>>> print(open('target-v6.pdb').read())   # PDB, C-alpha atoms
ATOM      1  CA  MET A  36     -93.288  79.678   9.738
ATOM      2  CA  THR A  37     -89.756  80.608  10.824
ATOM      3  CA  ASN A  38     -88.024  83.277   8.766
ATOM      4  CA  HIS A  39     -84.502  82.633   7.486
ATOM      5  CA  VAL A  40     -82.454  85.841   7.618
ATOM      6  CA  THR A  41     -78.923  86.407   6.321
ATOM      7  CA  ILE A  42     -77.045  89.552   7.346
ATOM      8  CA  VAL A  43     -74.223  90.909   5.202
ATOM      9  CA  GLY A  44     -72.587  93.449   7.448
ATOM     10  CA  SER A  45     -70.294  94.800  10.087
ATOM     11  CA  LEU A  46     -68.774  93.378  13.260
ATOM     12  CA  ASN A  47     -67.397  95.939  15.722
ATOM     13  CA  VAL A  48     -66.043  95.836  19.241
ATOM     14  CA  ASP A  49     -67.878  98.692  20.987
ATOM     15  CA  THR A  50     -66.179 100.794  23.644
ATOM     16  CA  THR A  51     -68.832 102.871  25.412
ATOM     17  CA  MET A  52     -68.004 105.740  27.733
ATOM     18  CA  LYS A  53     -70.783 107.308  29.797
ATOM     19  CA  VAL A  54     -70.566 111.074  30.198
ATOM     20  CA  LYS A  55     -72.770 113.644  31.868
ATOM     21  CA  ARG A  56     -72.900 115.630  28.639
ATOM     22  CA  MET A  57     -71.155 115.671  25.272
ATOM     23  CA  PRO A  58     -67.806 117.550  25.266
ATOM     24  CA  LEU A  59     -67.481 120.824  23.393
ATOM     25  CA  PRO A  60     -64.798 121.173  20.664
ATOM     26  CA  GLY A  61     -61.387 121.221  22.330
ATOM     27  CA  GLU A  62     -62.820 120.290  25.726
ATOM     28  CA  THR A  63     -61.697 117.371  27.911
ATOM     29  CA  ILE A  64     -64.218 115.881  30.322
ATOM     30  CA  ALA A  65     -64.176 112.866  32.634
ATOM     31  CA  ALA A  66     -66.007 109.670  31.658
ATOM     32  CA  LEU A  67     -68.273 108.252  34.358
ATOM     33  CA  ASP A  68     -67.990 104.639  33.195
ATOM     34  CA  LYS A  69     -66.458 102.514  30.421
ATOM     35  CA  THR A  70     -67.526  99.171  28.941
ATOM     36  CA  ASN A  71     -66.413  96.947  26.059
ATOM     37  CA  ALA A  72     -68.944  94.787  24.227
ATOM     38  CA  ALA A  73     -69.734  93.149  20.904
ATOM     39  CA  GLY A  74     -71.517  95.402  18.429
ATOM     40  CA  GLY A  75     -71.610  96.784  14.907
ATOM     41  CA  LYS A  76     -74.771  97.376  12.899
ATOM     42  CA  GLY A  77     -74.579  93.974  11.234
ATOM     43  CA  ALA A  78     -73.997  92.064  14.455
ATOM     44  CA  ASN A  79     -76.761  93.968  16.260
ATOM     45  CA  GLN A  80     -79.272  93.232  13.508
ATOM     46  CA  ALA A  81     -78.291  89.570  13.394
ATOM     47  CA  VAL A  82     -78.672  89.104  17.142
ATOM     48  CA  ALA A  83     -81.998  90.950  17.098
ATOM     49  CA  ALA A  84     -83.293  88.645  14.367
ATOM     50  CA  ALA A  85     -82.013  85.519  16.107
ATOM     51  CA  ARG A  86     -83.372  86.476  19.528
ATOM     52  CA  SER A  87     -86.762  87.031  17.918
ATOM     53  CA  GLY A  88     -86.755  83.516  16.519
ATOM     54  CA  ALA A  89     -85.351  83.834  13.011
ATOM     55  CA  GLU A  90     -82.838  81.284  11.719
ATOM     56  CA  THR A  91     -79.974  83.704  11.187
ATOM     57  CA  ALA A  92     -76.695  83.546   9.263
ATOM     58  CA  PHE A  93     -73.930  86.125   9.006
ATOM     59  CA  VAL A  94     -71.614  87.121   6.168
ATOM     60  CA  GLY A  95     -68.769  89.386   7.252
ATOM     61  CA  GLN A  96     -65.146  89.710   8.241
ATOM     62  CA  VAL A  97     -63.078  90.168  11.390
ATOM     63  CA  GLY A  98     -59.391  90.637  12.095
ATOM     64  CA  GLU A  99     -57.021  87.953  13.306
ATOM     65  CA  ASP A 100     -57.178  89.239  16.867
ATOM     66  CA  ALA A 101     -58.912  88.882  20.223
ATOM     67  CA  GLY A 102     -61.644  91.278  19.169
ATOM     68  CA  GLY A 103     -62.478  89.110  16.190
ATOM     69  CA  GLU A 104     -62.637  85.987  18.328
ATOM     70  CA  MET A 105     -64.942  87.806  20.742
ATOM     71  CA  MET A 106     -67.266  88.912  17.935
ATOM     72  CA  VAL A 107     -67.589  85.450  16.403
ATOM     73  CA  GLN A 108     -68.229  83.871  19.801
ATOM     74  CA  ALA A 109     -70.864  86.494  20.625
ATOM     75  CA  LEU A 110     -72.798  85.561  17.500
ATOM     76  CA  LYS A 111     -72.427  81.834  18.158
ATOM     77  CA  ASP A 112     -73.743  82.388  21.680
ATOM     78  CA  ASN A 113     -76.861  83.873  20.081
ATOM     79  CA  ASN A 114     -77.401  80.963  17.672
ATOM     80  CA  VAL A 115     -76.185  82.848  14.605
ATOM     81  CA  ASP A 116     -74.543  80.752  11.873
ATOM     82  CA  THR A 117     -70.991  82.161  11.605
ATOM     83  CA  THR A 118     -69.651  79.972   8.791
ATOM     84  CA  GLY A 119     -69.846  83.005   6.492
ATOM     85  CA  ILE A 120     -67.450  85.050   8.626
ATOM     86  CA  HIS A 121     -63.898  85.302   7.252
ATOM     87  CA  VAL A 122     -60.719  86.291   9.094
ATOM     88  CA  ASP A 123     -58.483  89.005   7.606
ATOM     89  CA  SER A 124     -54.832  88.592   8.589
ATOM     90  CA  LYS A 125     -53.927  92.211   7.811
ATOM     91  CA  ALA A 126     -56.783  94.492   8.943
ATOM     92  CA  GLY A 127     -57.896  94.554  12.569
ATOM     93  CA  THR A 128     -61.421  93.852  13.739
ATOM     94  CA  GLY A 129     -63.736  96.833  13.374
ATOM     95  CA  SER A 130     -64.350  98.957  16.434
ATOM     96  CA  ALA A 131     -66.541 101.806  17.620
ATOM     97  CA  ALA A 132     -66.030 104.450  20.296
ATOM     98  CA  ILE A 133     -69.372 105.532  21.745
ATOM     99  CA  LEU A 134     -70.029 108.553  23.946
ATOM    100  CA  LEU A 135     -73.297 108.178  25.842
ATOM    101  CA  ASP A 136     -74.798 111.094  27.784
ATOM    102  CA  GLU A 137     -77.198 111.019  30.730
ATOM    103  CA  ASN A 138     -80.190 111.548  28.409
ATOM    104  CA  GLY A 139     -79.443 108.347  26.497
ATOM    105  CA  GLN A 140     -78.189 110.139  23.377
ATOM    106  CA  ASN A 141     -74.945 109.040  21.764
ATOM    107  CA  SER A 142     -72.148 110.084  19.435
ATOM    108  CA  ILE A 143     -70.232 107.327  17.670
ATOM    109  CA  LEU A 144     -66.847 107.059  15.960
ATOM    110  CA  VAL A 145     -66.360 103.927  13.840
ATOM    111  CA  TYR A 146     -63.136 102.280  12.639
ATOM    112  CA  GLY A 147     -64.045 100.002   9.728
ATOM    113  CA  GLY A 148     -61.006  97.715   9.832
ATOM    114  CA  ALA A 149     -61.719  94.238   8.476
ATOM    115  CA  ASN A 150     -65.315  95.252   7.700
ATOM    116  CA  GLN A 151     -64.035  97.476   4.912
ATOM    117  CA  GLN A 152     -62.065  94.593   3.398
ATOM    118  CA  LEU A 153     -65.162  92.437   2.832
ATOM    119  CA  SER A 154     -65.106  91.603  -0.871
ATOM    120  CA  VAL A 155     -67.170  89.931  -3.564
ATOM    121  CA  LYS A 156     -65.154  86.732  -3.000
ATOM    122  CA  GLU A 157     -66.312  86.373   0.607
ATOM    123  CA  VAL A 158     -69.883  86.994  -0.495
ATOM    124  CA  GLU A 159     -69.589  84.356  -3.220
ATOM    125  CA  ASP A 160     -68.314  81.895  -0.625
ATOM    126  CA  ALA A 161     -71.546  82.456   1.310
ATOM    127  CA  ARG A 162     -73.808  81.879  -1.694
ATOM    128  CA  ASP A 163     -75.703  79.048   0.027
ATOM    129  CA  GLN A 164     -76.544  81.143   3.094
ATOM    130  CA  ILE A 165     -77.816  83.954   0.863
ATOM    131  CA  ALA A 166     -79.746  81.787  -1.598
ATOM    132  CA  SER A 167     -81.596  79.882   1.145
ATOM    133  CA  ALA A 168     -82.788  82.977   3.061
ATOM    134  CA  ASP A 169     -86.167  84.683   3.126
ATOM    135  CA  PHE A 170     -84.478  88.049   3.645
ATOM    136  CA  VAL A 171     -80.953  89.345   3.055
ATOM    137  CA  ILE A 172     -80.088  92.507   4.996
ATOM    138  CA  ALA A 173     -77.168  94.864   4.389
ATOM    139  CA  GLN A 174     -75.950  98.203   5.767
ATOM    140  CA  PHE A 175     -73.222 100.643   4.769
ATOM    141  CA  GLU A 176     -70.489  99.671   7.238
ATOM    142  CA  THR A 177     -69.165  97.256   4.603
ATOM    143  CA  PRO A 178     -68.317  97.984   0.924
ATOM    144  CA  GLN A 179     -71.219  98.449  -1.486
ATOM    145  CA  GLU A 180     -69.554  96.078  -3.948
ATOM    146  CA  ALA A 181     -70.140  93.265  -1.457
ATOM    147  CA  THR A 182     -73.726  94.365  -0.908
ATOM    148  CA  LEU A 183     -74.372  94.507  -4.640
ATOM    149  CA  ARG A 184     -73.134  90.952  -5.164
ATOM    150  CA  ALA A 185     -75.138  89.685  -2.186
ATOM    151  CA  PHE A 186     -78.300  91.310  -3.542
ATOM    152  CA  GLN A 187     -77.630  89.915  -7.027
ATOM    153  CA  ILE A 188     -77.377  86.392  -5.604
ATOM    154  CA  ALA A 189     -80.507  87.021  -3.558
ATOM    155  CA  LYS A 190     -82.560  88.146  -6.551
ATOM    156  CA  GLU A 191     -81.312  85.214  -8.629
ATOM    157  CA  ASN A 192     -82.863  82.960  -5.982
ATOM    158  CA  GLY A 193     -86.096  84.827  -5.239
ATOM    159  CA  VAL A 194     -84.859  86.192  -1.898
ATOM    160  CA  LYS A 195     -86.170  89.549  -0.631
ATOM    161  CA  THR A 196     -83.575  92.228   0.096
ATOM    162  CA  ILE A 197     -83.554  94.854   2.848
ATOM    163  CA  LEU A 198     -81.175  97.819   2.779
ATOM    164  CA  ASN A 199     -80.405  99.882   5.866
ATOM    165  CA  PRO A 200     -78.539 102.870   4.328
ATOM    166  CA  ALA A 201     -76.571 103.752   7.432
ATOM    167  CA  PRO A 202     -74.343 105.608   7.701
ATOM    168  CA  ALA A 203     -75.875 107.547   4.800
ATOM    169  CA  HIS A 204     -73.811 108.308   1.725
ATOM    170  CA  LYS A 205     -74.178 108.016  -2.026
ATOM    171  CA  ILE A 206     -75.703 104.709  -3.059
ATOM    172  CA  ASP A 207     -74.769 102.716  -6.141
ATOM    173  CA  PRO A 208     -77.924 102.917  -8.320
ATOM    174  CA  GLU A 209     -77.566  99.204  -9.072
ATOM    175  CA  VAL A 210     -77.896  98.391  -5.364
ATOM    176  CA  LEU A 211     -81.126 100.373  -5.162
ATOM    177  CA  LYS A 212     -82.563  98.582  -8.188
ATOM    178  CA  LEU A 213     -82.062  95.277  -6.347
ATOM    179  CA  THR A 214     -83.523  96.518  -3.037
ATOM    180  CA  ASP A 215     -87.024  95.347  -2.101
ATOM    181  CA  LEU A 216     -87.273  97.358   1.131
ATOM    182  CA  ILE A 217     -85.184 100.324   2.257
ATOM    183  CA  ILE A 218     -85.155 101.378   5.934
ATOM    184  CA  PRO A 219     -83.485 104.753   6.620
ATOM    185  CA  ASN A 220     -84.102 107.019   9.578
ATOM    186  CA  GLU A 221     -85.434 110.499   8.838
ATOM    187  CA  THR A 222     -81.932 112.025   8.582
ATOM    188  CA  GLU A 223     -80.678 109.330   6.213
ATOM    189  CA  SER A 224     -83.834 109.576   4.116
ATOM    190  CA  SER A 225     -83.380 113.331   3.750
ATOM    191  CA  ALA A 226     -79.726 112.909   2.791
ATOM    192  CA  LEU A 227     -80.568 110.366   0.100
ATOM    193  CA  THR A 228     -83.627 112.032  -1.431
ATOM    194  CA  GLY A 229     -83.042 115.727  -0.737
ATOM    195  CA  ILE A 230     -86.516 115.861   0.844
ATOM    196  CA  ILE A 231     -86.615 117.007   4.481
ATOM    197  CA  VAL A 232     -88.801 114.633   6.489
ATOM    198  CA  THR A 233     -91.236 116.645   8.595
ATOM    199  CA  ASP A 234     -94.727 115.207   8.098
ATOM    200  CA  GLU A 235     -96.785 112.641   6.202
ATOM    201  CA  THR A 236     -96.685 114.644   2.984
ATOM    202  CA  SER A 237     -92.884 114.797   2.979
ATOM    203  CA  MET A 238     -92.728 111.080   3.789
ATOM    204  CA  LEU A 239     -94.951 110.251   0.836
ATOM    205  CA  MET A 240     -92.783 112.472  -1.356
ATOM    206  CA  SER A 241     -89.755 110.551  -0.087
ATOM    207  CA  ALA A 242     -91.448 107.249  -0.932
ATOM    208  CA  ALA A 243     -92.111 108.510  -4.471
ATOM    209  CA  LYS A 244     -88.481 109.558  -4.801
ATOM    210  CA  PHE A 245     -87.198 106.175  -3.650
ATOM    211  CA  ALA A 246     -89.609 104.501  -6.091
ATOM    212  CA  GLN A 247     -88.051 106.558  -8.897
ATOM    213  CA  MET A 248     -84.672 105.183  -7.786
ATOM    214  CA  GLY A 249     -86.013 101.624  -7.972
ATOM    215  CA  VAL A 250     -87.162 100.866  -4.409
ATOM    216  CA  ARG A 251     -90.912 100.415  -4.098
ATOM    217  CA  ASN A 252     -91.137  99.663  -0.376
ATOM    218  CA  LEU A 253     -90.005 102.101   2.319
ATOM    219  CA  ILE A 254     -89.886 102.373   6.085
ATOM    220  CA  ILE A 255     -88.650 105.632   7.641
ATOM    221  CA  THR A 256     -87.876 105.362  11.339
ATOM    222  CA  VAL A 257     -88.424 108.586  13.270
ATOM    223  CA  GLY A 258     -86.818 107.870  16.637
ATOM    224  CA  ALA A 259     -89.137 108.172  19.621
ATOM    225  CA  LYS A 260     -92.041 109.223  17.385
ATOM    226  CA  GLY A 261     -92.444 105.975  15.476
ATOM    227  CA  ALA A 262     -92.098 104.676  11.927
ATOM    228  CA  PHE A 263     -93.716 105.424   8.576
ATOM    229  CA  TYR A 264     -94.163 102.748   5.955
ATOM    230  CA  CYS A 265     -95.188 102.894   2.328
ATOM    231  CA  THR A 266     -95.618  99.827   0.147
ATOM    232  CA  GLN A 267     -97.436  99.155  -3.092
ATOM    233  CA  ASP A 268    -100.480  98.225  -0.980
ATOM    234  CA  GLY A 269    -100.698 101.340   1.198
ATOM    235  CA  TYR A 270     -99.033 103.520   3.814
ATOM    236  CA  ASN A 271     -99.383 104.473   7.475
ATOM    237  CA  PHE A 272     -97.485 105.854  10.463
ATOM    238  CA  ILE A 273     -97.051 103.524  13.448
ATOM    239  CA  PRO A 274     -96.408 105.430  16.712
ATOM    240  CA  ALA A 275     -93.556 104.334  18.959
ATOM    241  CA  PHE A 276     -94.080 103.106  22.505
ATOM    242  CA  LYS A 277     -93.336 105.747  25.141
ATOM    243  CA  VAL A 278     -90.462 104.731  27.424
ATOM    244  CA  ASN A 279     -87.605 106.360  29.313
ATOM    245  CA  ALA A 280     -84.533 105.844  27.113
ATOM    246  CA  VAL A 281     -81.239 104.954  28.786
ATOM    247  CA  ASP A 282     -79.150 104.099  25.706
ATOM    248  CA  THR A 283     -80.326 104.433  22.087
ATOM    249  CA  THR A 284     -77.224 102.817  20.549
ATOM    250  CA  ALA A 285     -78.873  99.681  19.144
ATOM    251  CA  ALA A 286     -82.433 100.991  18.756
ATOM    252  CA  GLY A 287     -82.502 101.105  14.957
ATOM    253  CA  ASP A 288     -80.644  97.816  14.556
ATOM    254  CA  THR A 289     -82.982  96.067  16.985
ATOM    255  CA  PHE A 290     -85.927  97.426  15.016
ATOM    256  CA  ILE A 291     -84.611  96.070  11.710
ATOM    257  CA  GLY A 292     -83.560  92.671  13.021
ATOM    258  CA  ALA A 293     -86.816  92.158  14.912
ATOM    259  CA  LEU A 294     -88.825  93.278  11.880
ATOM    260  CA  SER A 295     -87.084  90.748   9.626
ATOM    261  CA  SER A 296     -87.966  87.938  12.003
ATOM    262  CA  GLN A 297     -91.703  88.662  11.736
ATOM    263  CA  LEU A 298     -92.251  90.163   8.270
ATOM    264  CA  LYS A 299     -93.707  87.945   5.563
ATOM    265  CA  PRO A 300     -91.732  88.036   2.291
ATOM    266  CA  ASP A 301     -94.789  89.491   0.518
ATOM    267  CA  MET A 302     -94.962  92.186   3.261
ATOM    268  CA  SER A 303     -98.687  91.530   3.719
ATOM    269  CA  ASN A 304     -98.319  91.749   7.529
ATOM    270  CA  ILE A 305     -96.134  94.850   7.587
ATOM    271  CA  GLU A 306     -98.180  96.729  10.212
ATOM    272  CA  LYS A 307     -98.141  93.792  12.631
ATOM    273  CA  ALA A 308     -94.409  93.298  12.054
ATOM    274  CA  LEU A 309     -93.795  97.025  12.578
ATOM    275  CA  VAL A 310     -95.603  97.035  15.913
ATOM    276  CA  TYR A 311     -93.492  94.069  17.034
ATOM    277  CA  ALA A 312     -90.299  95.813  15.899
ATOM    278  CA  GLN A 313     -91.288  99.027  17.692
ATOM    279  CA  ARG A 314     -91.871  97.074  20.890
ATOM    280  CA  ALA A 315     -88.499  95.334  20.610
ATOM    281  CA  SER A 316     -86.749  98.661  20.015
ATOM    282  CA  SER A 317     -88.529 100.255  22.981
ATOM    283  CA  LEU A 318     -87.181  97.493  25.226
ATOM    284  CA  ALA A 319     -83.642  97.841  23.853
ATOM    285  CA  VAL A 320     -83.353 101.558  24.660
ATOM    286  CA  GLN A 321     -84.165 100.907  28.311
ATOM    287  CA  LYS A 322     -80.885  99.021  28.844
ATOM    288  CA  LEU A 323     -77.216  99.882  28.431
ATOM    289  CA  GLY A 324     -75.097  98.487  25.624
ATOM    290  CA  ALA A 325     -75.806  97.230  22.116
ATOM    291  CA  LEU A 326     -76.043  93.433  22.119
ATOM    292  CA  PRO A 327     -76.849  93.175  25.850
ATOM    293  CA  SER A 328     -79.938  95.366  25.409
ATOM    294  CA  ILE A 329     -81.583  93.431  22.562
ATOM    295  CA  PRO A 330     -84.701  91.572  23.785
ATOM    296  CA  THR A 331     -85.819  88.026  23.058
ATOM    297  CA  HIS A 332     -89.116  87.109  21.431
ATOM    298  CA  ASP A 333     -90.555  86.072  24.784
ATOM    299  CA  GLU A 334     -89.593  89.428  26.315
ATOM    300  CA  VAL A 335     -91.254  91.319  23.454
ATOM    301  CA  ILE A 336     -94.442  89.279  23.761
ATOM    302  CA  ALA A 337     -94.495  89.708  27.554
ATOM    303  CA  ALA A 338     -94.085  93.470  27.213
ATOM    304  CA  SER A 339     -96.906  93.546  24.662
ATOM    305  CA  LYS A 340     -99.236  91.768  27.077
ATOM    306  CA  ASN A 341     -98.353  94.080  29.960
ATOM    307  CA  ASN A 342     -99.217  97.264  28.036
TER
END
>>> encode(input="target-v6.pdb", output="structure tokens")
Amino acid sequence: MTNHVTIVGSLNVDTTMKVKRMPLPGETIAALDKTNAAGGKGANQAVAAARSGAETAFVGQVGEDAGGEMMVQALKDNNVDTTGIHVDSKAGTGSAAILLDENGQNSILVYGGANQQLSVKEVEDARDQIASADFVIAQFETPQEATLRAFQIAKENGVKTILNPAPAHKIDPEVLKLTDLIIPNETESSALTGIIVTDETSMLMSAAKFAQMGVRNLIITVGAKGAFYCTQDGYNFIPAFKVNAVDTTAAGDTFIGALSSQLKPDMSNIEKALVYAQRASSLAVQKLGALPSIPTHDEVIAASKNN
């Protein structure tokens, strides 16, 4: 069965500059290379879901500019339904400036632009795409008011909701109450719960804390180490695949999009879906760029057979 996934999220034009090391405060260093590409957490997750076989739709907003045209075309090229993308005539298309060092680590500055103007109205206009999905995914690069309305529509229609609380900041309690699965990394989890993630015990404590806030299913991604999950049926830690990382920019987004393409709405196959998502993420970090690095389903399956 093919999953139907709708992303409510951000669209950013990424400018990546490769550097030998990150600059110190007040220091100017030379960039080794510079590239421009389509990105944004929402776009990355949508492309990851689509390339892994999910029927994918997008709800978002771009500016009335060349960057916006590029973003919409990039999604169309990856078989993402873009009818839910609006054009804002005042705010420019979102953008991100990414510094990438020789170890594959990055620092990112994000300009929200049109992403931050996404409103309840645009979400209402996309009611059909939300109501017909198996999963609706949102992040925090667009306003929480839009996320809340999207999740309300989802729950009214029996659709499962996934929240990626990145970048981490205070969450509207009503959003959490409508979230079926939350997927933070260890830093975001700590920021939201006040519990430092160090081991299985602290992860279980975090799961209990999120449950108190209304979310009963949790996945904490822990970079190169792997991912911890806790649902009402059990918990476990799934180790990551060991690879040499070149660029970690889209690792988490690839993980989430790939996961949504494989996960059953009742989450009964969560371990199998997690292994698939880990494999997809491990392939993404071995290539430069956000969208260009995201693997297809066939590439993930081939990699699984070769290891």
>>> resolve_selection(input="target-v6.pdb", expression="the PyMOL selection byres ((chain A and resi 55) around 9)", output="count of residues only")
12
>>> resolve_selection(input="target-v6.pdb", expression="the PyMOL selection byres ((chain A and resi 315-327) around 6)", output="MDAnalysis selection string")
chainID A and resid 74 79 280:286 289:290 312:314 328:329 335
>>> atom_distance(input="target-v6.pdb", atom1="atom CA of A:Met105", atom2="atom CA of A:Asp49")
11.3 Å
>>> residues_around(input="target-v6.pdb", residues="stretch 89-99 of chain A", least_positions_apart="5", cutoff="6 Å", atoms="only C-alpha atoms", output="JSON list (two decimals) with C-alpha atoms, in the coordinates of the input")
[["chain", "number", "residue", "atom", "x", "y", "z"],
["A", 37, "THR", "CA", -89.76, 80.61, 10.82],
["A", 38, "ASN", "CA", -88.02, 83.28, 8.77],
["A", 39, "HIS", "CA", -84.50, 82.63, 7.49],
["A", 40, "VAL", "CA", -82.45, 85.84, 7.62],
["A", 41, "THR", "CA", -78.92, 86.41, 6.32],
["A", 42, "ILE", "CA", -77.04, 89.55, 7.35],
["A", 43, "VAL", "CA", -74.22, 90.91, 5.20],
["A", 44, "GLY", "CA", -72.59, 93.45, 7.45],
["A", 84, "ALA", "CA", -83.29, 88.64, 14.37],
["A", 115, "VAL", "CA", -76.18, 82.85, 14.60],
["A", 116, "ASP", "CA", -74.54, 80.75, 11.87],
["A", 117, "THR", "CA", -70.99, 82.16, 11.60],
["A", 119, "GLY", "CA", -69.85, 83.00, 6.49],
["A", 120, "ILE", "CA", -67.45, 85.05, 8.63],
["A", 121, "HIS", "CA", -63.90, 85.30, 7.25],
["A", 122, "VAL", "CA", -60.72, 86.29, 9.09],
["A", 123, "ASP", "CA", -58.48, 89.00, 7.61],
["A", 124, "SER", "CA", -54.83, 88.59, 8.59],
["A", 126, "ALA", "CA", -56.78, 94.49, 8.94],
["A", 127, "GLY", "CA", -57.90, 94.55, 12.57],
["A", 128, "THR", "CA", -61.42, 93.85, 13.74],
["A", 149, "ALA", "CA", -61.72, 94.24, 8.48],
["A", 150, "ASN", "CA", -65.32, 95.25, 7.70],
["A", 296, "SER", "CA", -87.97, 87.94, 12.00]]
>>> residues_around(input="target-v6.pdb", residues="A:Ile218", least_positions_apart="4", cutoff="6 Å", atoms="all atoms listed in the file", output="CSV table (one decimal) with C-alpha atoms, in the frame of the given file")
chain,number,residue,atom,x,y,z
A,199,ASN,CA,-80.4,99.9,5.9
A,254,ILE,CA,-89.9,102.4,6.1
A,255,ILE,CA,-88.6,105.6,7.6
>>> resolve_selection(input="target-v6.pdb", expression="the PyMOL selection byres ((chain A and resi 165) around 9)", output="mmCIF file with C-alpha atoms, in the frame of the given file")
data_model
loop_
_atom_site.group_PDB
_atom_site.id
_atom_site.type_symbol
_atom_site.label_atom_id
_atom_site.label_comp_id
_atom_site.auth_asym_id
_atom_site.auth_seq_id
_atom_site.Cartn_x
_atom_site.Cartn_y
_atom_site.Cartn_z
ATOM 1 C CA VAL A 40 -82.454 85.841 7.618
ATOM 2 C CA THR A 41 -78.923 86.407 6.321
ATOM 3 C CA ILE A 42 -77.045 89.552 7.346
ATOM 4 C CA VAL A 43 -74.223 90.909 5.202
ATOM 5 C CA ALA A 92 -76.695 83.546 9.263
ATOM 6 C CA VAL A 94 -71.614 87.121 6.168
ATOM 7 C CA VAL A 158 -69.883 86.994 -0.495
ATOM 8 C CA ALA A 161 -71.546 82.456 1.310
ATOM 9 C CA ARG A 162 -73.808 81.879 -1.694
ATOM 10 C CA ASP A 163 -75.703 79.048 0.027
ATOM 11 C CA GLN A 164 -76.544 81.143 3.094
ATOM 12 C CA ALA A 166 -79.746 81.787 -1.598
ATOM 13 C CA SER A 167 -81.596 79.882 1.145
ATOM 14 C CA ALA A 168 -82.788 82.977 3.061
ATOM 15 C CA ASP A 169 -86.167 84.683 3.126
ATOM 16 C CA PHE A 170 -84.478 88.049 3.645
ATOM 17 C CA VAL A 171 -80.953 89.345 3.055
ATOM 18 C CA ALA A 185 -75.138 89.685 -2.186
ATOM 19 C CA PHE A 186 -78.300 91.310 -3.542
ATOM 20 C CA ILE A 188 -77.377 86.392 -5.604
ATOM 21 C CA ALA A 189 -80.507 87.021 -3.558
ATOM 22 C CA ASN A 192 -82.863 82.960 -5.982
ATOM 23 C CA VAL A 194 -84.859 86.192 -1.898
#
>>> closest_residue(input="target-v6.pdb", among="A:Lys307, A:Lys111, A:Lys299, A:His204", to="A:Ala73", atoms="all atoms listed in the file")
A:Lys111
>>> build_atoms(input="target-v6.pdb", residues="stretch 240-244 of chain A", atoms="all heavy atoms", output="compact mmCIF listing (two decimals), in the coordinates of the input")
# COMPACT_ATOMS: atom_id res chain seq x y z
N MET A 240 -93.68 111.97 -0.30
CA MET A 240 -92.78 112.47 -1.36
C MET A 240 -91.48 111.68 -1.37
O MET A 240 -90.95 111.36 -2.44
CB MET A 240 -92.51 113.96 -1.13
CG MET A 240 -93.70 114.87 -1.37
SD MET A 240 -93.37 116.59 -0.87
CE MET A 240 -92.01 117.00 -1.96
N SER A 241 -90.98 111.35 -0.19
CA SER A 241 -89.76 110.55 -0.09
C SER A 241 -89.97 109.17 -0.68
O SER A 241 -89.10 108.64 -1.39
CB SER A 241 -89.32 110.43 1.38
OG SER A 241 -89.08 111.70 1.95
N ALA A 242 -91.13 108.57 -0.38
CA ALA A 242 -91.45 107.25 -0.93
C ALA A 242 -91.48 107.29 -2.45
O ALA A 242 -90.98 106.37 -3.13
CB ALA A 242 -92.79 106.77 -0.39
N ALA A 243 -92.06 108.36 -3.01
CA ALA A 243 -92.11 108.51 -4.47
C ALA A 243 -90.71 108.65 -5.06
O ALA A 243 -90.41 108.10 -6.13
CB ALA A 243 -92.97 109.72 -4.83
N LYS A 244 -89.86 109.38 -4.34
CA LYS A 244 -88.48 109.56 -4.80
C LYS A 244 -87.72 108.24 -4.79
O LYS A 244 -87.00 107.90 -5.75
CB LYS A 244 -87.77 110.59 -3.92
CG LYS A 244 -86.35 110.93 -4.37
CD LYS A 244 -86.33 111.67 -5.68
CE LYS A 244 -84.93 112.14 -6.03
NZ LYS A 244 -84.90 112.86 -7.32
